[in-house]
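**Student:** model.tsv (TSV, C-alpha atoms) pasted underneath:
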```
chain	number	residue	atom	x	y	z
S	1	MET	CA	21.73	11.91	9.73
S	2	SER	CA	19.61	14.80	8.59
S	3	GLY	CA	22.37	16.67	6.74
S	4	GLN	CA	23.67	13.41	5.24
S	5	GLN	CA	20.16	12.54	4.13
S	6	TRP	CA	19.79	15.77	2.19
S	7	ALA	CA	23.28	15.47	0.69
S	8	LEU	CA	22.36	11.97	-0.52
S	9	ILE	CA	19.09	13.16	-2.03
S	10	ALA	CA	20.75	16.13	-3.76
S	11	GLY	CA	23.60	13.97	-5.05
S	12	CYS	CA	21.22	11.35	-6.47
S	13	ALA	CA	19.05	14.04	-8.08
S	14	VAL	CA	22.06	15.67	-9.76
S	15	VAL	CA	23.63	12.48	-11.14
S	16	THR	CA	20.25	11.27	-12.41
S	17	ALA	CA	19.48	14.57	-14.14
S	18	VAL	CA	22.95	14.75	-15.73
S	19	ILE	CA	22.76	11.16	-17.00
S	20	LYS	CA	19.28	11.65	-18.46
S	21	ALA	CA	20.29	14.94	-20.10
S	22	ALA	CA	23.57	13.72	-21.57
S	23	GLY	CA	22.23	11.93	-24.67
S	24	PRO	CA	19.69	14.58	-25.71
S	25	VAL	CA	22.20	17.41	-25.13
S	26	ALA	CA	25.03	15.75	-27.05
S	27	PHE	CA	23.06	14.28	-29.95
S	28	GLY	CA	19.69	16.01	-29.92
S	29	GLY	CA	17.63	17.71	-32.56
S	30	ARG	CA	19.29	16.35	-35.66
S	31	PRO	CA	19.28	13.00	-37.39
S	32	LEU	CA	22.24	10.79	-36.52
S	33	PRO	CA	24.49	9.42	-39.26
S	34	GLU	CA	22.82	6.43	-40.86
S	35	ARG	CA	25.21	3.88	-39.38
S	36	ILE	CA	24.61	5.21	-35.89
S	37	GLY	CA	20.88	5.03	-36.66
S	38	GLY	CA	21.30	1.30	-37.28
S	39	VAL	CA	22.75	0.94	-33.79
S	40	ILE	CA	20.02	3.06	-32.19
S	41	ALA	CA	17.30	0.95	-33.82
S	42	LEU	CA	18.73	-2.14	-32.13
S	43	MET	CA	19.08	-0.47	-28.72
S	44	ALA	CA	15.54	-1.41	-27.61
S	45	PRO	CA	15.88	-5.19	-28.05
S	46	ALA	CA	19.33	-5.17	-26.39
S	47	LEU	CA	18.26	-3.13	-23.33
S	48	LEU	CA	14.86	-4.79	-22.89
S	49	ALA	CA	16.39	-8.26	-23.01
S	50	ALA	CA	19.01	-7.18	-20.45
S	51	LEU	CA	16.36	-5.68	-18.14
S	52	ILE	CA	14.34	-8.91	-18.30
S	53	VAL	CA	17.19	-11.28	-17.49
S	54	THR	CA	18.72	-9.08	-14.77
S	55	GLN	CA	15.34	-8.88	-13.03
S	56	ALA	CA	14.13	-12.45	-13.56
S	57	LEU	CA	17.39	-14.42	-13.34
S	58	ALA	CA	19.39	-12.40	-10.83
S	59	ASP	CA	19.14	-11.21	-7.27
S	60	GLY	CA	21.43	-8.25	-6.72
S	61	GLU	CA	24.93	-9.33	-7.66
S	62	HIS	CA	24.39	-13.05	-8.13
S	63	LEU	CA	22.43	-15.16	-10.57
S	64	ALA	CA	19.36	-16.70	-8.97
S	65	ILE	CA	16.53	-18.79	-10.35
S	66	GLY	CA	13.41	-18.35	-8.24
S	67	ALA	CA	9.65	-18.17	-8.25
S	68	ASP	CA	9.84	-14.93	-10.26
S	69	THR	CA	11.87	-16.71	-12.96
S	70	ALA	CA	9.05	-19.23	-13.39
S	71	GLY	CA	6.42	-16.48	-13.32
S	72	VAL	CA	8.18	-14.44	-15.98
S	73	GLY	CA	8.67	-17.61	-18.01
S	74	MET	CA	4.93	-18.25	-17.97
S	75	ALA	CA	4.38	-14.65	-19.03
S	76	GLY	CA	6.65	-15.42	-21.96
S	77	VAL	CA	4.36	-18.30	-22.96
S	78	VAL	CA	1.33	-15.96	-22.80
S	79	VAL	CA	3.11	-13.37	-24.97
S	80	TRP	CA	4.18	-16.08	-27.43
S	81	ARG	CA	0.56	-17.33	-27.64
S	82	LYS	CA	-0.49	-13.74	-28.45
S	83	GLY	CA	-2.19	-13.14	-25.12
S	84	SER	CA	-2.64	-9.58	-23.90
S	85	ILE	CA	-0.01	-7.70	-21.91
S	86	MET	CA	-2.25	-7.54	-18.84
S	87	LEU	CA	-2.87	-11.31	-18.98
S	88	ALA	CA	0.87	-11.93	-19.22
S	89	VAL	CA	1.55	-9.72	-16.19
S	90	ALA	CA	-1.30	-11.25	-14.17
S	91	VAL	CA	-0.01	-14.76	-14.89
S	92	ALA	CA	3.51	-13.72	-13.87
S	93	VAL	CA	2.37	-12.18	-10.57
S	94	LEU	CA	-0.02	-15.01	-9.63
S	95	MET	CA	2.48	-17.72	-10.43
S	96	THR	CA	5.30	-15.96	-8.55
S	97	ALA	CA	3.14	-15.29	-5.48
S	98	GLY	CA	1.70	-18.82	-5.62
S	99	LEU	CA	5.09	-20.51	-5.75
S	100	ARG	CA	6.37	-18.35	-2.88
S	101	ALA	CA	3.29	-19.18	-0.81
S	102	LEU	CA	3.90	-22.90	-1.38
S	103	GLY	CA	7.48	-22.94	-0.48
A	1	MET	CA	-7.99	21.15	-34.16
A	2	ASP	CA	-5.98	21.41	-37.41
A	3	LEU	CA	-2.81	23.42	-36.99
A	4	PRO	CA	-1.40	25.49	-39.86
A	5	ALA	CA	1.11	23.52	-41.89
A	6	ALA	CA	4.29	24.74	-40.26
A	7	PRO	CA	7.40	22.61	-40.80
A	8	PRO	CA	6.01	19.11	-40.33
A	9	PRO	CA	6.55	17.90	-36.77
A	10	PRO	CA	8.36	14.58	-36.48
A	11	VAL	CA	5.27	13.07	-34.87
A	12	PRO	CA	1.74	14.19	-35.81
A	13	ALA	CA	-0.93	15.31	-33.34
A	14	PRO	CA	1.11	15.91	-30.15
A	15	ARG	CA	-1.94	16.15	-27.93
A	16	GLU	CA	-3.34	12.85	-29.16
A	17	SER	CA	0.05	11.21	-28.68
A	18	PHE	CA	0.23	12.58	-25.13
A	19	ARG	CA	-3.20	11.16	-24.30
A	20	THR	CA	-2.36	7.80	-25.85
A	21	GLY	CA	0.81	7.80	-23.78
A	22	LEU	CA	-1.13	8.61	-20.61
A	23	ARG	CA	-3.41	5.62	-21.19
A	24	ALA	CA	-0.56	3.29	-22.13
A	25	GLY	CA	1.30	4.32	-18.99
A	26	VAL	CA	-1.52	3.38	-16.60
A	27	PRO	CA	-0.57	-0.28	-15.97
A	28	TYR	CA	3.06	0.73	-15.35
A	29	ALA	CA	1.86	3.54	-13.13
A	30	VAL	CA	-0.13	1.10	-11.00
A	31	ALA	CA	2.87	-1.22	-10.68
A	32	GLY	CA	5.20	1.73	-10.05
A	33	GLY	CA	2.89	3.06	-7.35
A	34	VAL	CA	3.15	-0.23	-5.46
A	35	LEU	CA	6.92	-0.13	-5.82
A	36	ALA	CA	6.99	3.47	-4.59
A	37	LEU	CA	4.95	2.42	-1.59
A	38	SER	CA	7.64	-0.05	-0.61
A	39	PHE	CA	10.27	2.63	-1.27
A	40	GLY	CA	8.52	4.93	1.19
A	41	VAL	CA	8.51	2.19	3.83
A	42	ILE	CA	12.15	1.23	3.28
A	43	ALA	CA	13.39	4.83	3.25
A	44	ARG	CA	11.73	5.47	6.62
A	45	GLN	CA	13.26	2.28	8.03
A	46	ALA	CA	16.65	3.47	6.74
A	47	GLY	CA	16.30	6.61	8.84
A	48	PHE	CA	14.94	9.06	6.27
A	49	SER	CA	12.42	11.63	7.45
A	50	VAL	CA	8.97	11.65	5.82
A	51	PRO	CA	9.79	14.81	3.81
A	52	GLY	CA	13.17	13.29	2.90
A	53	ALA	CA	11.59	10.17	1.38
A	54	ILE	CA	8.96	12.20	-0.47
A	55	ILE	CA	11.39	14.80	-1.83
A	56	MET	CA	13.78	12.08	-2.98
A	57	SER	CA	11.01	10.50	-5.07
A	58	ALA	CA	10.00	13.92	-6.38
A	59	ILE	CA	13.42	15.03	-7.63
A	60	VAL	CA	15.20	11.72	-8.33
A	61	PHE	CA	12.23	9.75	-9.77
A	62	ALA	CA	14.26	6.64	-10.61
A	63	GLY	CA	13.08	3.60	-8.69
A	64	SER	CA	16.03	1.25	-8.88
A	65	ALA	CA	18.53	4.06	-8.20
A	66	GLN	CA	16.58	5.21	-5.14
A	67	PHE	CA	16.40	1.68	-3.73
A	68	ALA	CA	20.12	1.12	-4.37
A	69	ALA	CA	21.21	4.42	-2.82
A	70	VAL	CA	19.05	4.03	0.28
A	71	ALA	CA	20.12	0.41	0.79
A	72	ILE	CA	23.82	1.26	0.62
A	73	PHE	CA	23.41	4.36	2.77
A	74	ALA	CA	21.46	2.44	5.41
A	75	GLY	CA	24.07	-0.30	5.32
A	76	GLY	CA	26.75	2.21	6.27
A	77	GLY	CA	28.30	2.34	2.80
A	78	GLY	CA	28.73	6.10	2.95
A	79	LEU	CA	27.50	9.01	0.93
A	80	PHE	CA	29.83	8.64	-2.04
A	81	ALA	CA	29.20	4.90	-2.48
A	82	ALA	CA	25.44	5.45	-2.29
A	83	ILE	CA	25.47	8.19	-4.95
A	84	ALA	CA	27.83	6.17	-7.15
A	85	ALA	CA	25.44	3.21	-6.95
A	86	ALA	CA	22.56	5.44	-8.02
A	87	ALA	CA	24.63	6.73	-10.94
A	88	LEU	CA	25.56	3.21	-12.07
A	89	MET	CA	21.98	2.05	-11.73
A	90	ASN	CA	20.89	4.96	-13.92
A	91	SER	CA	23.66	4.48	-16.46
A	92	ARG	CA	21.21	2.55	-18.65
A	93	PHE	CA	19.49	5.89	-19.30
A	94	LEU	CA	22.61	6.99	-21.24
A	95	PRO	CA	22.04	4.75	-24.27
A	96	MET	CA	18.28	5.34	-23.98
A	97	GLY	CA	18.90	9.11	-24.10
A	98	VAL	CA	21.21	8.76	-27.08
A	99	ALA	CA	18.57	6.72	-28.91
A	100	LEU	CA	15.88	9.27	-28.09
A	101	ALA	CA	18.03	12.31	-28.93
A	102	PRO	CA	17.26	12.68	-32.66
A	103	SER	CA	13.54	12.76	-31.83
A	104	LEU	CA	13.95	15.74	-29.46
A	105	PRO	CA	13.95	19.10	-31.23
A	106	GLY	CA	14.64	22.47	-29.62
A	107	ARG	CA	17.42	24.19	-27.77
A	108	LEU	CA	19.93	22.57	-25.50
A	109	LEU	CA	18.14	23.26	-22.21
A	110	LYS	CA	14.80	22.17	-23.63
A	111	ARG	CA	16.28	18.91	-24.84
A	112	ALA	CA	17.94	18.36	-21.47
A	113	ALA	CA	14.58	18.90	-19.76
A	114	GLN	CA	12.75	16.58	-22.16
A	115	GLY	CA	15.39	13.92	-21.55
A	116	GLN	CA	14.35	13.85	-17.87
A	117	THR	CA	11.11	12.11	-18.88
A	118	VAL	CA	12.93	8.91	-19.83
A	119	VAL	CA	11.95	5.94	-17.69
A	120	ASP	CA	12.25	2.32	-18.87
A	121	ALA	CA	8.68	1.53	-19.83
A	122	SER	CA	7.86	4.93	-21.40
A	123	TRP	CA	11.04	4.88	-23.43
A	124	ALA	CA	10.37	1.36	-24.72
A	125	MET	CA	6.73	2.09	-25.59
A	126	ALA	CA	7.53	5.40	-27.33
A	127	ASN	CA	9.80	3.55	-29.77
A	128	ARG	CA	8.29	3.81	-33.25
A	129	GLY	CA	10.94	1.69	-34.97
A	130	GLU	CA	13.92	2.62	-37.14
A	131	GLY	CA	15.34	4.79	-34.38
A	132	ARG	CA	12.33	7.14	-34.16
A	133	TYR	CA	10.57	7.99	-30.90
A	134	ASP	CA	7.21	9.64	-30.24
A	135	ARG	CA	8.22	12.21	-27.61
A	136	HIS	CA	4.70	13.34	-26.71
A	137	PHE	CA	3.72	9.75	-26.10
A	138	LEU	CA	6.80	9.49	-23.88
A	139	PHE	CA	5.79	12.59	-21.90
A	140	GLY	CA	2.26	11.24	-21.36
A	141	ALA	CA	3.35	7.77	-20.32
A	142	THR	CA	5.85	9.22	-17.84
A	143	ALA	CA	3.45	11.85	-16.45
A	144	VAL	CA	0.98	9.26	-15.21
A	145	GLN	CA	3.81	7.18	-13.72
A	146	TYR	CA	5.17	10.24	-11.91
A	147	VAL	CA	1.81	10.86	-10.25
A	148	THR	CA	1.53	7.33	-8.83
A	149	TRP	CA	5.23	7.28	-7.94
A	150	MET	CA	4.60	10.30	-5.70
A	151	LEU	CA	1.32	8.95	-4.33
A	152	GLY	CA	2.91	5.60	-3.47
A	153	THR	CA	5.90	7.23	-1.77
A	154	VAL	CA	3.70	9.50	0.33
A	155	ILE	CA	1.51	6.62	1.49
A	156	GLY	CA	4.47	4.34	2.16
A	157	ALA	CA	6.45	7.00	4.04
A	158	VAL	CA	3.48	8.04	6.19
A	159	ALA	CA	1.84	4.64	6.75
A	160	GLY	CA	5.14	2.87	7.31
A	161	SER	CA	5.54	-0.85	7.69
A	162	GLY	CA	1.85	-1.71	8.01
A	163	ILE	CA	2.14	-2.78	4.38
A	164	GLY	CA	2.99	-6.34	3.34
A	165	ASP	CA	6.17	-7.59	1.71
A	166	PRO	CA	6.02	-6.77	-2.04
A	167	ARG	CA	8.04	-9.89	-2.84
A	168	LYS	CA	5.54	-12.16	-1.12
A	169	LEU	CA	2.83	-10.72	-3.36
A	170	GLY	CA	4.88	-11.52	-6.48
A	171	LEU	CA	5.11	-7.87	-7.44
A	172	ASP	CA	8.75	-8.14	-8.45
A	173	ALA	CA	7.59	-10.18	-11.47
A	174	ILE	CA	5.55	-7.26	-12.84
A	175	PHE	CA	8.30	-5.31	-14.57
A	176	PRO	CA	10.16	-8.18	-16.25
A	177	ALA	CA	6.79	-9.50	-17.52
A	178	PHE	CA	5.95	-6.07	-18.92
A	179	PHE	CA	9.36	-5.78	-20.58
A	180	LEU	CA	8.89	-9.22	-22.12
A	181	ALA	CA	5.62	-8.08	-23.68
A	182	LEU	CA	7.38	-4.95	-25.00
A	183	LEU	CA	10.30	-6.97	-26.35
A	184	ALA	CA	8.16	-9.44	-28.34
A	185	PRO	CA	7.14	-7.04	-31.15
A	186	GLU	CA	10.76	-5.85	-31.43
A	187	LEU	CA	11.87	-9.31	-32.54
A	188	ARG	CA	10.55	-9.21	-36.10
A	189	THR	CA	13.98	-9.22	-37.73
A	190	ALA	CA	16.76	-11.76	-37.38
A	191	SER	CA	19.24	-9.05	-36.39
A	192	ALA	CA	16.94	-7.82	-33.58
A	193	ARG	CA	16.60	-11.37	-32.29
A	194	GLY	CA	20.36	-11.84	-32.35
A	195	VAL	CA	20.90	-8.52	-30.55
A	196	ALA	CA	18.33	-9.44	-27.87
A	197	VAL	CA	20.08	-12.75	-27.19
A	198	GLY	CA	23.46	-11.00	-27.21
A	199	GLY	CA	22.28	-8.29	-24.81
A	200	ALA	CA	20.80	-10.86	-22.45
A	201	LEU	CA	24.03	-12.90	-22.44
A	202	ILE	CA	26.23	-9.83	-21.83
A	203	ALA	CA	24.01	-8.75	-18.93
A	204	LEU	CA	23.93	-12.22	-17.35
A	205	ALA	CA	27.70	-12.65	-17.68
A	206	LEU	CA	28.29	-9.34	-15.89
A	207	VAL	CA	25.78	-9.75	-13.03
A	208	PRO	CA	28.27	-11.52	-10.70
A	209	LEU	CA	31.17	-9.25	-11.75
A	210	ALA	CA	29.86	-5.69	-11.98
A	211	PRO	CA	27.80	-3.48	-9.64
A	212	PRO	CA	24.03	-3.45	-10.28
A	213	GLY	CA	23.13	-1.27	-13.26
A	214	VAL	CA	26.31	-1.87	-15.20
A	215	PRO	CA	25.15	-5.18	-16.78
A	216	VAL	CA	22.21	-3.44	-18.47
A	217	LEU	CA	24.41	-0.56	-19.64
A	218	ALA	CA	26.97	-2.97	-21.09
A	219	ALA	CA	24.23	-4.93	-22.88
A	220	SER	CA	23.69	-1.92	-25.15
A	221	ALA	CA	27.01	-2.88	-26.78
A	222	ALA	CA	25.12	-5.73	-28.49
A	223	ALA	CA	23.38	-3.08	-30.61
A	224	LEU	CA	26.75	-2.22	-32.20
A	225	VAL	CA	26.13	-4.97	-34.77
A	226	GLY	CA	23.88	-2.30	-36.32
A	227	LEU	CA	27.09	-0.65	-37.56
A	228	ARG	CA	28.06	-3.75	-39.49
A	229	ARG	CA	24.62	-4.17	-41.01
A	230	HIS	CA	24.71	-0.72	-42.54
A	231	ARG	CA	28.28	-1.07	-43.70
A	232	GLU	CA	27.23	-4.20	-45.58
A	233	GLN	CA	24.32	-2.39	-47.17
A	234	ALA	CA	26.55	0.48	-48.22
A	235	SER	CA	29.20	-1.66	-49.89
```
Show me, as structure tokens, the structure contained in the file I just sent.
**Tutor:**
Amino acid sequence: MSGQQWALIAGCAVVTAVIKAAGPVAFGGRPLPERIGGVIALMAPALLAALIVTQALADGEHLAIGADTAGVGMAGVVVWRKGSIMLAVAVAVLMTAGLRALG
Amino acid sequence: MDLPAAPPPPVPAPRESFRTGLRAGVPYAVAGGVLALSFGVIARQAGFSVPGAIIMSAIVFAGSAQFAAVAIFAGGGGLFAAIAAAALMNSRFLPMGVALAPSLPGRLLKRAAQGQTVVDASWAMANRGEGRYDRHFLFGATAVQYVTWMLGTVIGAVAGSGIGDPRKLGLDAIFPAFFLALLAPELRTASARGVAVGGALIALALVPLAPPGVPVLAASAAALVGLRRHREQAS
């Protein structure tokens, strides 16, 4: 176990470092062509939306609607009504925990 | 604190940006610390030693990848499968790194090192629009999250399972709620709204088909409509 444990840790550290370095090494330090810049500017909405739905509407490898879906939905209402980020997060956590406590 | 007017830095006042980033990172750091706590507990249950769990958090520092690798390893999936899962989980950092790249000056090794500071929330908050990123803000926001990530892991690994179930406390709703709040100001233009919907649909469609991590990576393809937009402007 011990040797395997360290091999796993080293392997994860190396792949993570390589993945995080790849973009900055390949494209760093100079402006990208303008068309590529148009793609980069839209990267944030695409990735954020994907992070939200994969966390709120999925459980591992299957789609799942649960208490967290409702909590995140309520957070969406708070954000839409121009509430603060902390209020949105608090509403999401309380609603998720509350629904799980009920059933 | 005025510096001589050397070639203008891409982002003014690095130190101020770093401090602003530190402050902005605090809520994510608190949430991340709780997550790290549960990582420490789970890693110990999976058979990791206390130093093993702590060193993994110190040199991998990627929550979802650590959870995925430990879960697969503990489930008997083998070393290669566990590392591959971590790599796939982290694959979303590829497009984030590409997006950040033009904002990172300096030599190859320096850029590679600066790229290590990318984590979801810091990357999203450091976005200054039109493809520009405030790298010092990014460093600050990640620094504070690293501290609590380590603290949480140490406490979780040492204290063990005396800590409650994070799901019962609703803590798994923290990150998607944060990301929602970060997404909202991105949706000013019609093309950004279309890309967000497209990215969400791609990710959802792939969840049952692809290993965890891949759906988010694939969602970045929705941003390719940016190519078309510029081609239209040019013609």
**Student:** Could you work out how far CA of Phe39 in chain A lies from CA of Phe67 in chain A, giving the answer in Å with one decimal?
**Tutor:** 6.7 Å
**Student:** As a ChimeraX atom specification, please: the residues near Leu48 in chain S (cut-off 10 Å, all atoms listed in the file, same-chain neighbours under 5 positions excluded).
**Tutor:** /S:43,53-54 /A:120-121,124,176,178-184,186,196,199-200,216,219-220
**Student:** Could you tell me, as a VMD selection string, which residues have any atom at most 6 Å from (18.3, 13.6, -34.0), counting only C-alpha atoms?
**Tutor:** (chain S and resid 28 to 32) or (chain A and resid 101 to 103)
**Student:** Could you take the residues named above and write them with C-alpha atoms, as a PDB file, in the coordinates of the input?
**Tutor:**
```pdb
ATOM      1  CA  GLY S  28      19.690  16.010 -29.920  1.00  0.00           C
ATOM      2  CA  GLY S  29      17.630  17.710 -32.560  1.00  0.00           C
ATOM      3  CA  ARG S  30      19.290  16.350 -35.660  1.00  0.00           C
ATOM      4  CA  PRO S  31      19.280  13.000 -37.390  1.00  0.00           C
ATOM      5  CA  LEU S  32      22.240  10.790 -36.520  1.00  0.00           C
TER       6      LEU S  32
ATOM      7  CA  ALA A 101      18.030  12.310 -28.930  1.00  0.00           C
ATOM      8  CA  PRO A 102      17.260  12.680 -32.660  1.00  0.00           C
ATOM      9  CA  SER A 103      13.540  12.760 -31.830  1.00  0.00           C
TER      10      SER A 103
END
```
**Student:** Return the single residue from A:Val30, A:Leu100, A:Ile155, A:Ala24 that is closest to chain S, with distances computed using all atoms listed in the file.
**Tutor:**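 Of all the options, A:Leu100 lies closest to chain S.
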**Student:** In Å to one decimal, how far is CA of Lys20 in chain S from CA of Ala74 in chain A?
**Tutor:** 25.7 Å
**Student:** For Ala97 in chain S, work out the shell of residues within 10 Å, counting only C-alpha atoms and skipping chain neighbours fewer than 6 positions away, then give it as a list in words.
**Tutor:**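 The filter keeps Ala67, Asp68, Gly71 and Val91 of chain S; Pro166, Arg167, Lys168, Leu169, Gly170, Leu171, Asp172 and Ala173 of chain A.
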**Student:** Quick one: pull the distance between CA of Leu51 in chain S and CA of Pro14 in chain A, Å, one decimal.
**Tutor:**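 Between CA of Leu51 in chain S and CA of Pro14 in chain A the gap works out to 29.0 Å.
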**Student:** Just checking: using only C-alpha atoms, which residue out of S:Ala7, S:Ala49, S:Ala17, S:Ala64 ends up closest to Ile59 in chain A?
**Tutor:**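 Ranking S:Ala7, S:Ala49, S:Ala17, S:Ala64 by distance to Ile59 in chain A, first place goes to S:Ala17.
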**Student:** Excluding range 77-93 of chain A and its own-chain neighbours fewer than 2 positions away, which residues fall within 9 Å of it when counting all atoms listed in the file? Please give them as number ranges by chain.
**Tutor:** S: 4-5, 7-9, 11-12, 15-16, 19-20, 23, 47; A: 62, 64-75, 95-98, 118-120, 211-218, 220
**Student:** Please list, as a list in words, the residues that have an atom at most 12 Å away from (3.0, 14.1, -10.5) in the coordinates of this file, counting only C-alpha atoms.
**Tutor:**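 With a cut-off of 12 Å, the residues come to Ala29, Gly33, Ile54, Ser57, Ala58, Ile59, Phe61, Thr117, Phe139, Gly140, Ala141, Thr142, Ala143, Val144, Gln145, Tyr146, Val147, Thr148, Trp149, Met150, Leu151, Gly152, Thr153 and Val154 of chain A.
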**Student:** Give the answer as one residue: which of S:Ala10, S:Ala46, S:Ala90, S:Val18 has the shortest atom-to-atom distance to chain A, using all atoms listed in the file?
**Tutor:**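 Looking at the shortest contact to chain A, the residue is S:Ala46.
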**Student:** Emit as lines of an AutoDock Vina configuration file the padded axis-aligned box for all listed atoms of range 108-119 of chain A, 4 Å per side, with centre and edge lengths in Å to one decimal.
**Tutor:**
```
center_x = 15.5
center_y = 14.6
center_z = -21.6
size_x = 16.8
size_y = 25.3
size_z = 15.8
```
**Student:** I need range 56-77 of chain A written out with N, CA and C atoms, as a short mmCIF file (atom, residue, chain, number, x, y, z; two decimals), in the first residue's frame; please produce it.
**Tutor:**
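In the end it all went to out15.cif:
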```cif
data_model
loop_
_atom_site.label_atom_id
_atom_site.label_comp_id
_atom_site.auth_asym_id
_atom_site.auth_seq_id
_atom_site.Cartn_x
_atom_site.Cartn_y
_atom_site.Cartn_z
N MET A 56 -0.26 14.83 -0.56
CA MET A 56 -1.06 14.85 -1.78
C MET A 56 -1.73 16.21 -1.96
N SER A 57 -2.34 16.74 -0.88
CA SER A 57 -2.96 18.06 -0.99
C SER A 57 -1.91 19.14 -1.29
N ALA A 58 -0.72 18.99 -0.73
CA ALA A 58 0.31 20.01 -0.91
C ALA A 58 0.82 20.06 -2.34
N ILE A 59 1.01 18.90 -2.99
CA ILE A 59 1.63 18.94 -4.32
C ILE A 59 0.65 18.70 -5.46
N VAL A 60 -0.57 18.24 -5.17
CA VAL A 60 -1.55 18.10 -6.25
C VAL A 60 -2.47 19.33 -6.24
N PHE A 61 -3.02 19.68 -5.08
CA PHE A 61 -3.83 20.89 -4.91
C PHE A 61 -4.88 21.00 -6.01
N ALA A 62 -5.70 19.97 -6.15
CA ALA A 62 -6.79 20.01 -7.12
C ALA A 62 -7.88 19.11 -6.55
N GLY A 63 -8.85 19.73 -5.88
CA GLY A 63 -9.82 18.99 -5.10
C GLY A 63 -10.48 17.84 -5.82
N SER A 64 -11.15 18.14 -6.95
CA SER A 64 -11.94 17.10 -7.59
C SER A 64 -11.04 15.96 -8.09
N ALA A 65 -9.83 16.29 -8.54
CA ALA A 65 -8.90 15.25 -9.01
C ALA A 65 -8.45 14.37 -7.85
N GLN A 66 -8.20 14.97 -6.70
CA GLN A 66 -7.78 14.19 -5.54
C GLN A 66 -8.88 13.23 -5.09
N PHE A 67 -10.12 13.75 -5.03
CA PHE A 67 -11.24 12.90 -4.64
C PHE A 67 -11.40 11.74 -5.63
N ALA A 68 -11.32 12.06 -6.93
CA ALA A 68 -11.53 11.03 -7.95
C ALA A 68 -10.44 9.96 -7.85
N ALA A 69 -9.19 10.39 -7.74
CA ALA A 69 -8.08 9.43 -7.72
C ALA A 69 -8.17 8.53 -6.49
N VAL A 70 -8.44 9.12 -5.34
CA VAL A 70 -8.50 8.34 -4.11
C VAL A 70 -9.67 7.36 -4.14
N ALA A 71 -10.82 7.82 -4.68
CA ALA A 71 -12.00 6.96 -4.74
C ALA A 71 -11.72 5.74 -5.61
N ILE A 72 -11.11 5.96 -6.77
CA ILE A 72 -10.86 4.85 -7.69
C ILE A 72 -9.79 3.91 -7.13
N PHE A 73 -8.78 4.49 -6.52
CA PHE A 73 -7.70 3.71 -5.92
C PHE A 73 -8.25 2.83 -4.80
N ALA A 74 -9.08 3.45 -3.95
CA ALA A 74 -9.65 2.71 -2.82
C ALA A 74 -10.61 1.63 -3.30
N GLY A 75 -11.25 1.89 -4.45
CA GLY A 75 -12.18 0.91 -4.99
C GLY A 75 -11.49 -0.21 -5.76
N GLY A 76 -10.15 -0.22 -5.73
CA GLY A 76 -9.41 -1.28 -6.40
C GLY A 76 -9.23 -1.07 -7.89
N GLY A 77 -9.42 0.18 -8.36
CA GLY A 77 -9.32 0.47 -9.78
C GLY A 77 -7.90 0.48 -10.32
#
```
